[in-house]
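The structure under discussion appears below in the form of structure tokens.
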There are 2 protein chains.
Amino acid sequence: MSLNFCFIGAGNLATQLSKVFKNKGFGITQVYSRTEQSAKTLADLLNAKYTTSIHEIDKKADIYFVALKDSVVDEVLSQINFENKLVVHCSGSLPLSCLEKYSDNIGVFYPLQTFSKDRKIDFQEIPVFIESNSEKNENILLQIARELSDSVFVLNSEKRKMLHISAVFACNFVNHFYTIAFDILKSKDIPFEVLRPLILETAKKVQQFEPEKVQTGPAVRFDENIINSHLNELNDFGDYQQLYRLISKSIFDRYNK
Amino acid sequence: MSLNFCFIGAGNLATQLSKVFKNKGFGITQVYSRTEQSAKTLADLLNAKYTTSIHEIDKKADIYFVALKDSVVDEVLSQINFENKLVVHCSGSLPLSCLEKYSDNIGVFYPLQTFSKDRKIDFQEIPVFIESNSEKNENILLQIARELSDSVFVLNSEKRKMLHISAVFACNFVNHFYTIAFDILKSKDIPFEVLRPLILETAKKVQQFEPEKVQTGPAVRFDENIINSHLNELNDFGDYQQLYRLISKSIFDRYNK
């Protein structure tokens with residue numbers, strides 16, 4: 001397929017996605033971002049043009065990929081006339097319908113992964129979830145997605161939202177718990193390094209098993225002595241103590257129904 | 001070193017640890033467990049004897065490894081006369097001093113990993129934390145640990161306890177979050193499979209970076225629209241909604257101080 005894309009947004013997701021599109025032979029004509037530095041950095045990387053002016057957005061792109069923070073999508077898109085070209089957002093939580101007022105051809109292209117600008121990612125393994133308002137548009141997006149990834153699914157907005165919530169728990173909240181562990185270790189001058197094998201093994205275990213089958217630790221054993229002595233040590237750690245208590249209770253309740 | 005060990009306890013940790021000891025050429029003379037099936041299963045695996053009677057514990061072992069649930073350690077050990085042989089527990093949270101009344105030679109051998117009976121583990125990469133009441137005993141335990149692992153540390157009881165707490169967050173609580181994600185997906189008939197690459201990447205990221213440097217998601221961006229719409233979807237999910245709220249707040253507070 002010889003298609004030209006315009007990227008609206010230049011954050012982590014836009015960066016990773018546009019890079020892999022370019023590698024797969026798609027054209028990236030232009031990058032738009034309100035922040036000049038972000039727009040320029042990504043455009044340079046892609047050998048594309050960039051703009052910070054919404055009125056200079058390229059009219060000749062075939063597909064517009066919207067990779068903005070959800071809360072600014074309306075503000076930005078309402079200023080663009082897409083002339084009914086295919087407009088696609090990349091958000092887990094926004095419904096497809098939020099694009100209805102901006103074009104007759106709309107879709108969602110949601111790659112389920114955590115993107116950091118500095119980390120290389122094998123896109124082939126990332127599940128991509130597609131939704132669209134017509135079979136024709138769906139097929140276009142499916143074809144594009146299959147160029148990038150081995151696991152492409154059609155998923156409606158309602159299900160995609162629940163998928164996103166599950167990802168918040170399994171990724172964003174998990175990473176926060178790595179950070180809490182980091183903070184606790186730091187209080188005793190223990191390097192985070194020593195936890196890394198445990199973190200990796202915990203993630204690898206659930207590649208093979210269902211997570212509820214491999215739950216370990218004091219809470220699932222209902223080892224009250226340990227739980228209470230841990231809570232005691234967390235007196236000076238603010239909300240970490242409350243989180244420890246609630247999650248231990250949540251684990252206990254789940255396995256002792 | 002030609003040393004013979006007796007294992008008191010036959011759970012996940014005892015199983016994994018005794019197996020790797022045997023592979024490294026140490027002798028396992030006997031396994032004790034109150035549960036005959038556990039004792040027999042592990043003893044068969046090790047080609048060792050077993051007993052369920054505390055009064056039949058082998059007097060000729062060089063070192064006694066205590067791998068019991070913390071809350072039953074005292075109950076079991078108080079019935080054994082160790083004749084001042086080296087007695088070692090494997091607990092993250094129990095202090096070394098809890099062994100003082102049972103022998104003059106005591107130590108701690110704490111491998112930091114999550115053990116499941118059915119999963120093969122490369123012990124070489126697992127950090128092992130040693131503590132003892134004399135230099136002589138410490139050296140014995142260091143030597144044994146270095147046969148198994150490339151990362152061996154001496155760590156006192158107070159620091160080990162904080163290490164254990166950090167591991168509860170980074171492993172046990174993290175696995176519970178995988179389970180919550182599983183439950184949320186299941187409510188919409190989405191297979192857990194689709195989350196596995198994200199889970200693995202989240203753990204791999206912090207092998208390379210510090211976790212606070214790679215925090216992503218709605219909470220760190222303070223995307224209130226998404227947070228509120230997610231909370232709304234979690235109305236029927238009991239404590240998962242409360243956890244979502246508190247952890248989002250915890251993330252927000254940490255990055256917006």
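As shown in the structure tokens, the chain order sets the letters A, B, ...; within each chain, residues go from 1, and ligands are also counted from 1 in the order they appear.
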
Inset, instruction - Please run DSSP on the backbone and report, as a list of chain:residue names, all residues within stretch 64-121 of chain B that come out as strand (DSSP E or B). - result: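 Strand (DSSP E or B) members of stretch 64-121 of chain B, listed: B:Tyr64, B:Phe65, B:Val66, B:Leu86, B:Val87, B:Val88, B:His89, B:Asn105, B:Ile106, B:Gly107, B:Val108, B:Phe109, B:Tyr110, B:Pro111.
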
Legend entry - All alpha helix (DSSP H) residues (DSSP, backbone) inside stretch 24-253 of chain A, as an MDAnalysis selection string: chainID A and resid 36:46 73:77 135:148 157:167 174:186 196:208 224:233 239:253

Inset, instruction - Just need the residues of chain A within 6 Å of chain B, counting only C-alpha atoms, so spit them out as a PyMOL selection string. - result: chain A and resi 113+166+169-172+174+177-179+181+184+196+198+200+202-203+207+211-212+216-217

Output C-alpha atoms for every residue in the selection just made, as a PDB file, in the first residue's frame.
```
ATOM      1  CA  GLN A 113       1.910  -1.274  24.757  1.00  0.00           C
ATOM      2  CA  SER A 166      -6.936  -3.622  32.615  1.00  0.00           C
ATOM      3  CA  PHE A 169      -3.603  -2.051  36.376  1.00  0.00           C
ATOM      4  CA  ALA A 170      -1.156  -4.396  34.633  1.00  0.00           C
ATOM      5  CA  CYS A 171       1.248  -1.706  33.458  1.00  0.00           C
ATOM      6  CA  ASN A 172       0.851   1.785  34.942  1.00  0.00           C
ATOM      7  CA  VAL A 174       2.497  -2.131  38.322  1.00  0.00           C
ATOM      8  CA  PHE A 177       4.632  -0.435  42.590  1.00  0.00           C
ATOM      9  CA  TYR A 178       8.119  -0.910  41.202  1.00  0.00           C
ATOM     10  CA  THR A 179       8.664   2.723  42.166  1.00  0.00           C
ATOM     11  CA  ALA A 181       9.679  -0.807  46.012  1.00  0.00           C
ATOM     12  CA  ILE A 184      11.458   1.484  50.244  1.00  0.00           C
ATOM     13  CA  ARG A 196      15.252  -6.815  39.053  1.00  0.00           C
ATOM     14  CA  LEU A 198      12.278 -10.930  40.899  1.00  0.00           C
ATOM     15  CA  LEU A 200      11.249 -10.113  35.591  1.00  0.00           C
ATOM     16  CA  THR A 202       7.022 -12.286  38.204  1.00  0.00           C
ATOM     17  CA  ALA A 203       6.157 -11.064  34.693  1.00  0.00           C
ATOM     18  CA  GLN A 207       3.368 -15.516  30.321  1.00  0.00           C
ATOM     19  CA  PRO A 211      -1.942 -14.951  37.450  1.00  0.00           C
ATOM     20  CA  GLU A 212      -4.371 -16.229  40.073  1.00  0.00           C
ATOM     21  CA  THR A 216       2.407 -15.983  46.412  1.00  0.00           C
ATOM     22  CA  GLY A 217       3.246 -13.896  49.485  1.00  0.00           C
TER      23      GLY A 217
END
```

Inset, instruction - Identify which of the residues A:Lys24, A:Ser2, A:Leu96, A:Ala48 lies closest to A:Arg146, counting only C-alpha atoms when measuring atom-to-atom distances. - result: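 Once distances to A:Arg146 are computed over only C-alpha atoms, the minimum belongs to A:Lys24.
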
Legend entry - Nearby residues (only C-alpha atoms) at most 10 Å from B:Cys98, same-chain spacing under 3 positions excluded, as an MDAnalysis selection string: chainID B and resid 73:74 89 94:95 101:102 106

Give me a file of those residues, with C-alpha atoms, as an mmCIF file, in the first residue's frame.
```cif
data_model
loop_
_atom_site.group_PDB
_atom_site.id
_atom_site.type_symbol
_atom_site.label_atom_id
_atom_site.label_comp_id
_atom_site.auth_asym_id
_atom_site.auth_seq_id
_atom_site.Cartn_x
_atom_site.Cartn_y
_atom_site.Cartn_z
ATOM 1 C CA VAL B 73 8.654 -21.585 63.045
ATOM 2 C CA ASP B 74 8.635 -21.324 66.844
ATOM 3 C CA HIS B 89 16.030 -19.940 58.283
ATOM 4 C CA LEU B 94 12.012 -13.064 60.602
ATOM 5 C CA PRO B 95 15.055 -11.622 62.368
ATOM 6 C CA LYS B 101 16.993 -20.014 71.643
ATOM 7 C CA TYR B 102 17.421 -23.106 69.462
ATOM 8 C CA ILE B 106 22.439 -19.686 63.540
#
```
